[in-house]
Structures are given as structure tokens and as C-alpha cells.
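Q: This is the structure I want to talk about, given as C-alpha cells.
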Amino acid sequence: MSMLSDQELLKSNAYINGEFVSAENGTTFEVKNPSTGEIVANVAKCGAKETRKAIEFAKIAMTSWAKMPSKQRASILMAWHDQIIANKLDLARILSSEQGKPVAEAEGEILYGASYIQWFAEEAKRIYGDIIPQQSDDARLLCIKQPVGVVACITPWNFPNAMLTRKIAPALAAGCTVVCKPANETPLSALALGELATRAGIPPGVINILAGTTAEIGHEMTSNPIVRKLTFTGSTEVGKKLTVDCAQTLKRTSMELGGNAPFIVFESADLDLAVKGLIANKFRNAGQTCVCTNRVIVQSSIVGKFTDKLKVAVAKLKVGDGFESGVDVGPMINQSAVNKVNELVENARQLGAQVITTDSNMDGKGNFMAPKIITGATKDMALFSEEIFGPVAAIFTFDEEREAIELANDSPFGLAAYFYSNDMSQMWRVGEAIEAGMVGINDAALSNEMIPFGGVKESGQGREGSKYGLDDYLEIKHLKMGGLN
Ligand SMILES: NC(=O)C1=CN([C@@H]2O[C@H](COP(=O)(O)OP(=O)(O)OC[C@H]3O[C@@H](n4cnc5c(N)ncnc54)[C@H](OP(=O)(O)O)[C@@H]3O)[C@@H](O)[C@H]2O)C=CC1
Ligand SMILES: O=C(O)CCCC(=O)O
């Protein structure tokens, strides 16, 4: 990658115990640019052996990392944050070249990812215990919080930087050490974070990063008794499997899984605001985000007006290579993602929906897909219940508020939900009635490091970010100090 100002950030070996090492058998796998199909790097293909070693190094590193005063841990985390900010452009270029999203959007992700490190560096100094009112004169009752242990982190390809920092930062702040498996499509952003961790003075073994033979790595992570917690972001199917596997050694788990976000537009809504919110939310990362709108649910009385405004806005989106200026929508991650979205669109068309493809000569070229609006969508279509994960906005209609809530909640998922209304009592009623971990009211950009990110139902459990985010990485221990008389 010639466009990097610091070539040392492009790492292709695994980051284990502070060093970049090849796989024990020397094998590699290709990481390709989804826009061009070009090979960006050949990355060390690790398996069970390398994972076991990394876990053992993480265990050794934890003895001193957990004991380090929290203020010192915080300042090391801040040094890592500062390294990331100083190298944000190179990190964005690496991210865009392996994931495809426009470079400006990738830079946004780097800043977003770094914000979790800053937040948890601050929170590291606020891990308080408790003193419980005593029950007798001769004893005092206390609670202290301790790191849960070595943490395994498995992350997806859609946010190769931020999904990892959102896990590593709270783990390290709590005093845990980590072994991370980024998606094989996008390991380079993760490995660059390893290089910057070394530069920031994060001790060897505290962060380990490897990719390769997924099933072997996953099996070692879920079965090795040293690992005390697994945190995962990805599909519900894999999340369920990992949860079952972790049950054998009763590891704690945090699961950030698939969504099926409803976006309800009530007749009282500011339609321009709703369209603006939908465009930013639905087409972010080419629709490949678990909090992207999946079902646009619009009150019948305004559906025509809303759809007209949406068509105008969608037509302005430019599809293309993330390195071209002015591009809003990059490629899909790979051909199978394109095929999956096309199948959902075709299913809707066959069941009577109209498909409006905006005028883009990029549609169907390689991994590119032009944004689409589907009108006349109904519950029997697969895209009502399946995560679209692509740039397709499907519009369903309703007549009454009760119907909108029923449609929104008619899903096993419950991650994000959005609605637009200018009726204050409706805002409270609907906000409380929707089954989701996060609800945006007249706002569809929920994510930031200060809010608890996570879902209910089959969208997972646990919360990332916010003042609650450390809890997933801490154990509460009771100490009774007796014999005081
Ligand atoms: N909630 C979310 O943010 C995401 C949801 N999804 C949804 O999931 C669908 C499929 O996407 P996909 O990338 O396949 O998601 P996956 O859940 O398969 O992948 C997420 C991560 O889990 C890893 N993984 C997969 N199987 C195992 C296993 N048995 N043991 C350990 N790790 C494993 C993957 O490795 P690798 O891929 O490298 O082999 C990757 O690092 C998408 O279309 C979308 O609907 C996808 C990504 C993110
Ligand atoms: O899991 C995902 O799809 C990424 C969530 C992106 C965000 O934090 O908004």
C-alpha cells in the first residue's frame, strides 16, 4: 500500500506477546480489497497452537497488568489513544482498503474507535468498591471489584477498528488481558492497533491479535479454561454457538448480535428530519451495520409524501471505490454478501413489492450495489424478518400506532429501533413499548462511547461503552473482615 505515510503500520503477522510472528507452519491467507479485488496483504494463518500460546502469554501478562495502579493503566491507555489519533489517516486508509467503506467514513470509525479508549482510560480510575452496613460489631463487610481474567474477543468485518477497541479498552481498563480474533476479511486494521499498542508502551502479552483458521481459533478460545470471558460481535447464529461452547467451562459472555431495526415514521413527524436520519442510518457502511434500519414503517397517510422525499435523497448518493472523492456508498464486503441481499430483493419483488434502483452505473459491478428503495413491502417477505445488511430501504405501512408497535416488535431481535414523531405523549408511549436495547427518537445516530450499546432478545446480552461497560469485565468479590473485637 503505497499511500501510507508510515509503512510500519501495515502488519501481516500475528501480534503475540508484543511481537509480530508468522504462523507456526508458515501458512498465510489473502486479504483482498473489496472494491478492486486486489490482494492487500498475505496474513499469517494461525490456528489452535498460536491461540493457545497467546492465551498463555495473556495469562502471564495479567499478573502485573492487573496489579498496576489504575492511574498508570489509564495513562498507558491514553498513550495508545494518542498514537491512534496521530496515525488516523493511515489507519483509515488501511481500513478502507480491506473493508471498502469511503476513507472519510473510515476516518470517522477510527475516531469513534479511539473514543472508547479515551472513555475507558477515564473510567479505569473509577472502579469503586463498596462498604456494606455491618451486621455485628466484630466484622466489617466489603465488596471489591477485580478483573474477570483473560478475555477472548471475536469481531466482525464491518467495523474492523471500533468493534475491537470497544472490547479491548474496557477489558484493559478493568485489568484484564486479551486475545483477539478479528474477521479474516479485515485483520489489518486490528494488527495496526497492535503496532500502536507497542509504541504506546502497552506491555507484551496484554493485547494479542491473530486470525486464520476460524474454527480452530474459536474452539481454543471457548474451551481453554484460562479464558474467563468471551466477548463477541457478529451474527446471531455464531453468537449462539459460541455461547453454548463457552458453557462447558462456564465462561462469562457478552454477545452483540444481529438486529432488525424498525424505523417508524408517524404522521406528526418532521419528514425532512426523518429522511435525513434514514439516509445517514440506512446507508452507513453500505447498509452493513447491525444498527442499520431494516424495516421502514410509515403511517399510510404520509407514505406517498415520505417516499417521494426519500427517492430524491437516495438519488444523490454516489456509489464507488472508497478512495474516490465524494463517494457515499462503498462496495459490499464480498460477493456472497451481494448475493444474499439480491436474494432478499428478488423475494420481495416476487411477492409483489416494487423495487426502485437509483440511477447508478455501478450497480452489479463487482461487489458494488446501488441503493434501492422497496415500496409495498409486507410481512411475508423475507426482508421483514432477516437482517438485510445492504443498501436497501424497504417501506412497510401502518394505520394506527398500535399496529406500528406490533410490527416493530414482531421480531426475535431487539437491538436498535428508531421513530419520528412530534407528539410528546406518543414519544413516551412508543419509546417505552418498543422491545430494543436502544431507541432513537427523532434521531437515528445513536452510537457514541458514552451510551450503553447492546440488545435484548436474540440480539444478545451485555452492554458496551458507557458507565455500565466496565461491569462486563469485572467480578464482584466480597471480603468479610472478622475478629475485630
Ligand atoms: N452484529 C453485527 O454487527 C454483525 C452481524 N452480521 C450478520 O451476520 C451475517 C454473516 O456475517 P459474517 O461475517 O459471516 O458473521 P459471523 O458471525 O460469521 O462473523 C463474525 C466473526 O466471528 C467469527 N466466527 C465465525 N464462526 C466462528 C466460530 N465458529 N468460532 C469463532 N469465531 C467464528 C468470524 O470469523 P471469520 O469470518 O473471519 O471466519 C468473524 O471474526 C451478516 O450478513 C449479518 O447479517 C455480520 C457481521 C456483524
Ligand atoms: O455491530 C455493528 O454492526 C457495528 C455497530 C456500529 C456502531 O457502533 O454503531
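Residue numbering restarts at 1 for every chain of the C-alpha cells, chains are lettered A, B, ... in their displayed order, and ligands are numbered from 1 as they appear.
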Name the residues of segment 105-224 of chain A that fall into helix (DSSP H, G or I) according to DSSP on the backbone, using the chain letters and numbers of this document, as number ranges by chain.
A: A: 105-126, 162-174, 188-200, 214-223
Q: Around ligand 2, which protein and nucleic acid residues have at least one atom no more than 10 Å from it, if we count only C-alpha atoms and all ligand atoms? List them as a ChimeraX atom specification.
A: /A:109,112-113,155-160,162-163,166,232-235,256-259,281,284-285,287-292,389,415-416,445-449,453-454,464-465
Q: A:Gly277, A:Leu470, A:Ile333, A:Gly326: which is nearest Gly440 of chain A, counting only C-alpha atoms?
A: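 Closest to Gly440 of chain A of all the choices is A:Gly277.
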Q: For Leu10 of chain A, please output as number ranges by chain all residues within 8 Å (counting only C-alpha atoms; exclusion window: fewer than 3 positions along the same chain).
A: A: 7, 94, 188, 191-192
Q: Rank A:Ser96, A:Thr358, A:Thr165, A:Asn347 by their smallest atom-to-atom distance to Ala313 of chain A, using only C-alpha atoms, and report the top residue only.
A: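 Of A:Ser96, A:Thr358, A:Thr165, A:Asn347, the one nearest Ala313 of chain A, counting only C-alpha atoms, is A:Thr358.
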Q: I want to know what sits within 10 Å of segment 373-378 of chain A, based on only C-alpha atoms, with residues of the same chain fewer than 6 positions away left out; could you give that as a list in words?
A: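 Skipping anything fewer than 6 positions along the chain leaves Arg295, Val296, Ile297, Val303, Gly304, Thr307, Leu310, Lys311, Val314, Val345, Ala348, Arg349, Leu351, Gly352, Ala353, Gln354, Val355, Ile356, Thr357, Thr358, Phe384, Pro391, Val392, Ala393, Ala394, Ile395, Phe396 and Thr397 of chain A.
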Q: Name all residues at most 9 Å from Arg140 of chain A (count only C-alpha atoms; drop same-chain ones fewer than 2 positions away) and give them as JSON, numbers by chain.
A: {"A": [131, 132, 133, 134, 135, 136, 137, 138, 142, 479, 480, 481, 482, 484]}
